[in-house]
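Visitor: Structure file coords15.txt, compact mmCIF, C-alpha atoms, is pasted below:
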```txt
# COMPACT_ATOMS: atom_id res chain seq x y z
CA MET C 13 98.23 115.10 93.29
CA ARG C 14 94.52 115.37 93.96
CA LEU C 15 91.72 113.00 92.96
CA THR C 16 88.65 115.00 91.91
CA ASP C 17 86.72 112.81 89.45
CA PRO C 18 83.36 112.01 91.14
CA LYS C 19 83.07 108.64 89.34
CA LEU C 20 86.54 107.61 90.48
CA ILE C 21 85.86 108.68 94.06
CA ALA C 22 82.55 106.75 94.09
CA ALA C 23 84.28 103.65 92.72
CA LEU C 24 86.89 103.86 95.50
CA ALA C 25 84.14 103.83 98.10
CA GLU C 26 82.60 100.73 96.47
CA LEU C 27 85.96 98.98 96.88
CA ASP C 28 86.01 99.95 100.58
CA VAL C 29 89.07 102.13 99.96
CA GLU C 30 89.34 105.25 102.12
CA LEU C 31 90.43 108.45 100.36
CA GLN C 32 92.33 111.03 102.41
CA HIS C 33 92.96 114.34 100.63
CA GLY C 34 96.13 116.43 100.84
CA ILE C 35 98.14 114.27 103.22
CA ALA C 36 101.64 115.48 104.17
CA LEU C 37 103.98 112.52 103.78
CA ALA C 38 106.32 114.23 106.25
CA ASP C 39 103.81 112.96 108.84
CA HIS C 40 104.10 109.40 107.50
CA THR C 41 107.88 109.00 107.33
CA SER C 42 110.42 108.56 110.13
CA LEU C 43 112.57 111.31 108.59
CA GLY C 44 109.72 113.81 108.85
CA ILE C 45 110.31 114.88 105.24
CA GLY C 46 107.93 114.72 102.29
CA GLY C 47 105.46 116.68 100.20
CA THR C 48 101.68 116.40 99.94
CA THR C 49 99.37 114.17 97.96
CA ASP C 50 96.20 112.08 98.29
CA LEU C 51 96.36 108.83 100.23
CA LEU C 52 94.29 105.69 99.60
CA ARG C 53 93.90 103.35 102.58
CA ILE C 54 93.22 99.76 101.51
CA ARG C 55 91.22 97.55 103.88
CA LYS C 56 90.96 94.33 101.82
CA HIS C 57 93.80 92.60 99.97
CA ASP C 58 91.36 91.13 97.45
CA SER C 59 90.32 94.62 96.33
CA ILE C 60 93.84 95.52 95.14
CA PRO C 61 93.63 94.17 91.55
CA ASP C 62 90.35 96.04 90.96
CA LEU C 63 91.77 99.17 92.59
CA LEU C 64 94.86 99.15 90.39
CA ARG C 65 92.77 98.57 87.26
CA LEU C 66 90.62 101.52 88.31
CA LEU C 67 93.62 103.79 88.78
CA ASP C 68 95.13 102.66 85.47
CA SER C 69 91.88 103.38 83.64
CA HIS C 70 91.99 106.95 84.98
CA ALA C 71 95.76 107.27 84.32
CA VAL C 72 96.48 107.93 88.01
CA PRO C 73 100.17 107.35 88.91
CA HIS C 74 100.71 105.81 92.33
CA LYS C 75 103.24 104.44 94.81
CA PHE C 76 102.91 101.92 97.64
CA LEU C 77 103.72 103.21 101.14
CA GLY C 78 104.60 100.95 104.04
CA GLY C 79 105.66 102.27 107.42
CA GLY C 80 107.78 105.06 105.89
CA SER C 81 110.83 104.22 108.02
CA ASN C 82 113.43 103.80 105.26
CA LEU C 83 112.15 106.47 102.92
CA LEU C 84 113.13 109.94 101.71
CA VAL C 85 110.25 111.64 99.87
CA GLY C 86 110.55 114.71 97.64
CA ASP C 87 109.23 118.15 98.57
CA GLY C 88 106.13 120.05 97.45
CA GLU C 89 103.05 118.80 95.65
CA LEU C 90 103.80 115.23 94.59
CA PRO C 91 102.90 113.99 91.08
CA TRP C 92 101.45 110.66 92.26
CA ILE C 93 99.09 109.37 94.93
CA VAL C 94 100.06 106.93 97.66
CA LEU C 95 98.48 103.58 98.53
CA GLN C 96 98.75 102.09 102.00
CA LEU C 97 97.38 98.97 103.68
CA VAL C 98 95.18 99.36 106.75
CA ARG C 99 96.61 97.39 109.68
CA PRO C 100 94.24 94.50 110.46
CA THR C 101 93.20 92.88 113.73
CA PRO C 102 94.84 90.59 114.59
CA GLU C 103 98.16 91.46 112.95
CA VAL C 104 99.73 88.07 113.73
CA VAL C 105 98.31 84.53 113.93
CA ILE C 106 100.47 81.81 115.52
CA GLU C 107 100.14 78.17 114.41
CA GLY C 108 102.83 76.04 116.02
CA HIS C 109 106.19 77.27 114.73
CA LEU C 110 104.50 79.38 112.04
CA ALA C 111 103.65 83.06 112.41
CA ARG C 112 101.26 84.36 109.76
CA VAL C 113 101.77 88.12 109.68
CA ASP C 114 100.09 90.93 107.76
CA ALA C 115 102.57 93.12 105.89
CA ALA C 116 101.09 96.22 107.57
CA ALA C 117 101.92 94.83 111.03
CA ASP C 118 104.38 96.77 113.16
CA LEU C 119 107.72 94.96 113.11
CA GLY C 120 108.62 95.51 116.76
CA ARG C 121 105.20 94.40 118.02
CA THR C 122 105.43 91.31 115.81
CA VAL C 123 108.79 90.31 117.31
CA THR C 124 107.40 90.81 120.82
CA TYR C 125 104.18 88.89 120.10
CA CYS C 126 106.12 85.94 118.70
CA ALA C 127 108.45 86.03 121.72
CA LYS C 128 105.49 85.74 124.07
CA HIS C 129 104.64 82.52 122.23
CA ASP C 130 108.21 81.23 122.74
CA LEU C 131 109.18 81.83 119.11
CA GLY C 132 112.55 83.55 118.71
CA GLY C 133 115.24 84.23 116.14
CA MET C 134 114.21 87.79 115.34
CA GLU C 135 115.46 89.53 118.49
CA GLY C 136 117.80 91.73 116.44
CA LEU C 137 114.84 93.34 114.69
CA ILE C 138 113.14 94.59 117.85
CA GLY C 139 114.42 98.15 117.46
CA VAL C 140 114.08 98.39 113.68
CA PRO C 141 111.22 100.81 112.92
CA GLY C 142 108.54 100.24 110.30
CA THR C 143 106.33 97.42 109.12
CA VAL C 144 106.89 93.74 108.45
CA GLY C 145 106.31 94.43 104.73
CA GLY C 146 109.11 96.99 104.69
CA ALA C 147 111.43 94.59 106.51
CA LEU C 148 110.64 91.93 103.91
CA ARG C 149 111.29 94.19 100.94
CA MET C 150 114.80 95.14 102.09
CA ASN C 151 115.56 91.90 103.96
CA ALA C 152 116.04 93.83 107.18
CA GLY C 153 118.58 92.48 109.61
CA ALA C 154 120.75 93.33 112.57
CA TYR C 155 123.20 91.70 114.94
CA GLY C 156 123.84 88.68 112.76
CA MET C 157 120.29 87.83 111.65
CA GLN C 158 117.98 88.76 108.77
CA ILE C 159 114.25 88.27 108.31
CA GLY C 160 114.68 86.38 105.03
CA SER C 161 116.10 83.40 106.90
CA TYR C 162 112.66 82.69 108.38
CA VAL C 163 110.40 83.38 105.39
CA ARG C 164 108.40 80.38 104.19
CA GLU C 165 105.75 82.13 102.11
CA VAL C 166 104.92 85.65 100.97
CA LYS C 167 101.62 86.93 99.59
CA VAL C 168 102.27 89.77 97.18
CA TYR C 169 100.50 91.88 94.60
CA ARG C 170 102.60 91.78 91.43
CA THR C 171 101.99 95.01 89.57
CA ALA C 172 103.64 93.79 86.35
CA ALA C 173 101.33 90.78 86.15
CA ARG C 174 98.38 92.65 87.71
CA LYS C 175 97.57 89.77 90.07
CA LEU C 176 97.85 88.49 93.61
CA GLU C 177 100.44 85.75 94.01
CA THR C 178 101.81 83.60 96.83
CA LEU C 179 105.54 82.87 96.63
CA ARG C 180 107.40 80.16 98.51
CA GLY C 181 110.48 81.27 100.41
CA ASP C 182 112.74 79.33 98.03
CA GLN C 183 111.32 81.32 95.11
CA ILE C 184 112.66 84.56 96.62
CA SER C 185 116.28 85.65 96.69
CA PHE C 186 117.26 87.20 100.04
CA GLU C 187 120.65 88.90 100.09
CA TYR C 188 122.23 91.65 102.18
CA ARG C 189 119.66 94.48 102.22
CA HIS C 190 118.26 93.23 98.91
CA THR C 191 115.55 90.88 97.66
CA SER C 192 114.30 89.68 94.29
CA PHE C 193 110.93 91.42 94.65
CA ALA C 194 110.20 93.87 91.84
CA PRO C 195 110.26 97.56 92.88
CA ASP C 196 106.49 97.84 92.36
CA ASP C 197 105.54 94.57 94.09
CA MET C 198 103.28 95.21 97.08
CA MET C 199 103.93 93.07 100.17
CA LEU C 200 100.65 91.81 101.64
CA ALA C 201 101.41 89.02 104.13
CA VAL C 202 104.16 86.62 105.15
CA THR C 203 104.43 83.25 106.85
CA LEU C 204 107.51 82.98 109.08
CA GLU C 205 108.83 79.71 110.51
CA LEU C 206 110.54 80.51 113.79
CA PRO C 207 112.56 78.37 116.21
CA SER C 208 111.30 77.57 119.70
CA LYS C 209 113.05 79.51 122.43
CA PRO C 210 112.04 80.27 126.03
CA PHE C 211 110.51 83.72 126.44
CA LYS C 212 113.01 84.69 129.15
CA GLU C 213 115.91 83.85 126.83
CA ILE C 214 114.38 85.86 123.98
CA LEU C 215 113.76 88.78 126.34
CA GLN C 216 117.40 88.78 127.37
CA GLY C 217 118.46 88.89 123.72
CA ILE C 218 116.07 91.78 123.11
CA ARG C 219 117.52 93.70 126.07
CA ILE C 220 121.07 93.24 124.78
CA CYS C 221 120.09 94.48 121.28
CA ASN C 222 118.26 97.47 122.75
CA GLU C 223 121.29 98.41 124.85
CA LYS C 224 123.54 98.25 121.79
CA ARG C 225 121.15 100.47 119.84
CA ARG C 226 120.84 103.03 122.60
CA ALA C 227 124.63 103.22 122.80
CA SER C 228 125.25 103.65 119.08
CA GLN C 229 122.21 105.09 117.30
CA PRO C 230 120.42 108.47 117.44
CA LEU C 231 117.20 107.13 118.92
CA GLY C 232 114.53 109.76 119.42
CA GLN C 233 115.67 111.79 116.41
CA LYS C 234 114.11 111.86 112.98
CA SER C 235 116.09 109.49 110.76
CA ALA C 236 115.63 106.78 108.13
CA GLY C 237 118.11 104.36 109.65
CA CYS C 238 121.30 103.74 107.68
CA ILE C 239 121.58 105.95 104.62
CA PHE C 240 124.14 103.77 102.81
CA LYS C 241 124.64 100.03 102.50
CA ASN C 242 127.88 98.65 103.88
CA PRO C 243 130.28 97.82 101.01
CA PRO C 244 131.64 94.25 101.00
CA GLY C 245 134.09 93.86 103.88
CA ALA C 246 133.77 97.48 104.98
CA SER C 247 131.61 99.83 107.03
CA ALA C 248 130.01 102.91 105.46
CA GLY C 249 129.64 104.51 108.89
CA ARG C 250 133.28 103.94 109.76
CA MET C 251 134.48 105.53 106.51
CA ILE C 252 132.26 108.57 107.02
CA ASP C 253 133.45 108.83 110.62
CA GLU C 254 137.12 108.59 109.64
CA LEU C 255 136.62 111.59 107.35
CA GLY C 256 135.41 113.60 110.34
CA LEU C 257 131.96 114.15 108.85
CA LYS C 258 129.84 113.66 111.97
CA GLY C 259 127.87 116.86 112.44
CA LEU C 260 128.21 117.91 108.79
CA SER C 261 124.97 119.60 107.78
CA VAL C 262 123.00 121.15 104.95
CA GLY C 263 120.20 123.20 106.46
CA ASP C 264 118.62 120.97 109.10
CA ALA C 265 119.85 117.76 107.42
CA ARG C 266 122.76 116.51 109.50
CA VAL C 267 125.14 113.56 109.79
CA SER C 268 124.43 112.14 113.24
CA ASP C 269 126.98 112.79 115.98
CA ARG C 270 126.27 109.31 117.33
CA HIS C 271 126.34 107.13 114.19
CA ALA C 272 127.91 108.48 110.99
CA ASN C 273 125.68 106.39 108.68
CA PHE C 274 122.53 107.88 110.22
CA PHE C 275 121.50 111.25 108.81
CA VAL C 276 118.95 113.11 110.90
CA ASN C 277 116.37 115.80 110.35
CA ALA C 278 117.39 118.16 113.14
CA GLY C 279 114.45 120.50 112.62
CA SER C 280 112.65 121.22 109.36
CA ALA C 281 115.01 119.74 106.76
CA SER C 282 113.77 119.53 103.18
CA ALA C 283 114.33 116.62 100.82
CA LYS C 284 116.62 118.91 98.83
CA ASP C 285 118.74 119.50 101.95
CA MET C 286 118.99 115.78 102.69
CA LEU C 287 119.77 114.80 99.09
CA THR C 288 122.49 117.47 98.90
CA LEU C 289 124.04 116.16 102.12
CA ILE C 290 123.87 112.53 100.91
CA ALA C 291 125.51 113.43 97.60
CA ASP C 292 128.26 115.42 99.34
CA VAL C 293 129.11 112.60 101.77
CA ARG C 294 129.04 110.02 98.99
CA ARG C 295 131.40 112.14 96.89
CA ARG C 296 133.85 112.60 99.77
CA VAL C 297 133.90 108.88 100.57
CA GLU C 298 134.47 107.96 96.93
CA LYS C 299 137.33 110.46 96.66
CA ALA C 300 139.02 109.28 99.86
CA PHE C 301 138.43 105.52 99.67
CA ASN C 302 137.60 104.90 96.00
CA VAL C 303 134.31 103.33 97.13
CA ALA C 304 130.98 104.30 95.56
CA LEU C 305 128.44 103.93 98.37
CA GLU C 306 124.98 102.58 97.47
CA HIS C 307 121.82 104.00 99.00
CA GLU C 308 120.07 101.89 101.59
CA VAL C 309 117.42 104.58 102.04
CA VAL C 310 114.75 104.53 99.33
CA VAL C 311 114.40 107.87 97.54
CA TRP C 312 111.08 109.02 96.06
CA ASN C 313 112.25 112.17 94.34
CA VAL C 314 110.04 114.44 92.24
```
What would you get if you wrote out this structure as structure tokens?
Guide:
Amino acid sequence: MRLTDPKLIAALAELDVELQHGIALADHTSLGIGGTTDLLRIRKHDSIPDLLRLLDSHAVPHKFLGGGSNLLVGDGELPWIVLQLVRPTPEVVIEGHLARVDAAADLGRTVTYCAKHDLGGMEGLIGVPGTVGGALRMNAGAYGMQIGSYVREVKVYRTAARKLETLRGDQISFEYRHTSFAPDDMMLAVTLELPSKPFKEILQGIRICNEKRRASQPLGQKSAGCIFKNPPGASAGRMIDELGLKGLSVGDARVSDRHANFFVNAGSASAKDMLTLIADVRRRVEKAFNVALEHEVVVWNV
């Protein structure tokens, strides 16, 4: 989708919103898949209500893009524009045991920055790609921890109510790879309360997590992390592996040889290729185990 109305474009500039034309979302997602559209880069949280009213008044459909690490975007010219927060400086402010973090902050850098201030608990997230906002939305976790355990406050733009709102941690439901945020809520900032831990101890935990990841995940390849959620009491990756599906491919979309719940873009896979592969694997697992796997990857299909 392209924005061409001169009045709309002028109004965007007045809101200090940067318009980038014809952006390939394949360049903004860890899978390296996605069609083209216009991108709006938002510098000020307070401008968001006015920006959304402006887009609504011009009937411009839109989606919010975080770090693009858990996302499969459709091919071709997309029928909506994309909104993205500009990463601020600083990304993280430490106040005692509290870390106030912008949603656009890089998750790995945030974990490391907190560690250098002797604040731990999030070591398992060090290798999870993407932004803090994306981790919040899906309650990212690994190796026995999840980010929701440390959330004390979240600043969010609530599209349904058309307003900025600050939610206490106890007002938010954090479950396995799921939260109570609405699909069109936009994460803006979070306050985390983290336990004190010596930096050397945190660093050791980070090293252990990194070693586990290097041994079991296709690092360095284009992927969106786990494609399916683990069913209660079971492992999606183990079921896929038991069916001998590692290496199964559709075009350049392929089930990883290293981790069966990671699907990789081995070259120039299309969204159609990846969706066909996902549907095929899901069907085979359901037939063999009578388990209907749920997507963990977010799909923006056309």
Visitor: From the set C:Val163, C:Ser81, C:Ala194, C:Lys209, which residue has the shortest atom-to-atom contact distance to C:Gly133, counting only C-alpha atoms?
Guide: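 Under the stated criterion, the closest residue is C:Lys209.
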Visitor: Taking into account only C-alpha atoms, which residue in the set C:His271, C:Arg14, C:Arg296, C:Arg170 is nearest to C:Ile35?
Guide: C:Arg14
Visitor: Give me, please, the distance in Å between atom CA of C:Arg226 and atom CA of C:Arg189, quoted to one decimal.
Guide: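 Taking atom CA of C:Arg226 as the start and atom CA of C:Arg189 as the end point, the length is 22.1 Å.
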Visitor: Tell me, as a VMD selection string, which residues lie within 12 Å of C:Ser280, counting only C-alpha atoms; anything in the same chain fewer than 3 positions away does not count.
Guide: chain C and resid 38 43 to 46 87 234 262 to 266 276 to 277 283 to 286
Visitor: Do you have the atom CA of C:Ser59-atom CA of C:Ala71 distance handy?
Guide: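 We find that atom CA of C:Ser59 and atom CA of C:Ala71 lie 18.3 Å from each other.
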Visitor: How far is it from atom CA of C:Ser161 to atom CA of C:Glu187, in Å with one decimal?
Guide: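 Atom-to-atom, atom CA of C:Ser161 to atom CA of C:Glu187, that is 9.9 Å.
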Visitor: Skipping near chain neighbours, those fewer than 5 positions away, what residues fall within 10 Å of C:Val293 using all atoms listed in the file, listed as a VMD selection string?
Guide: chain C and resid 252 255 257 260 267 273 287 to 288 298 to 299 305
Visitor: With a cut-off of 10 Å, could you pull out the residues of stretch 162-235 of chain C touching stretch 101-115 of chain C and give me the nearest pair of atoms for each, distance in Å to one decimal, using only C-alpha atoms, ordered by chain and ascending number, as a tab-separated table?
Guide:
```
residue	atom	partner	partner_atom	distance
C:Tyr162	CA	C:Leu110	CA	9.5
C:Val163	CA	C:Ala111	CA	9.7
C:Arg164	CA	C:Leu110	CA	8.8
C:Glu165	CA	C:Arg112	CA	9.1
C:Val166	CA	C:Ala115	CA	9.2
C:Lys167	CA	C:Ala115	CA	8.9
C:Val168	CA	C:Ala115	CA	9.3
C:Met198	CA	C:Ala115	CA	9.1
C:Met199	CA	C:Ala115	CA	5.9
C:Leu200	CA	C:Ala115	CA	4.8
C:Ala201	CA	C:Asp114	CA	4.3
C:Val202	CA	C:Val113	CA	5.3
C:Thr203	CA	C:Arg112	CA	4.4
C:Leu204	CA	C:Ala111	CA	5.1
C:Glu205	CA	C:Leu110	CA	4.6
C:Leu206	CA	C:His109	CA	5.5
C:Pro207	CA	C:His109	CA	6.6
C:Ser208	CA	C:His109	CA	7.1
```
Visitor: Identify which of the residues C:Ser235, C:Val94, C:Pro61, C:Gly245 lies closest to C:Ala278, counting only C-alpha atoms when measuring atom-to-atom distances.
Guide: C:Ser235
Visitor: Near C:Phe193, within 9 Å and counting all atoms listed in the file, which residues show up once chain neighbours fewer than 6 positions away are dropped, as a list in words?
Guide: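 Using all atoms listed in the file, the neighbours found are Arg149, Arg170, Ile184 and Ser185 of chain C.
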Visitor: From the list C:Leu51, C:His190, C:Ala127, C:Ile93, which residue is nearest C:Gln216 when using only C-alpha atoms?
Guide: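 Answer, going by the shortest atom-to-atom distance: C:Ala127.
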Visitor: Skipping near chain neighbours, those fewer than 5 positions away, what residues fall within 8 Å of C:Thr41 using all atoms listed in the file, listed as a PyMOL selection string?
Guide: chain C and resi 46+79-84
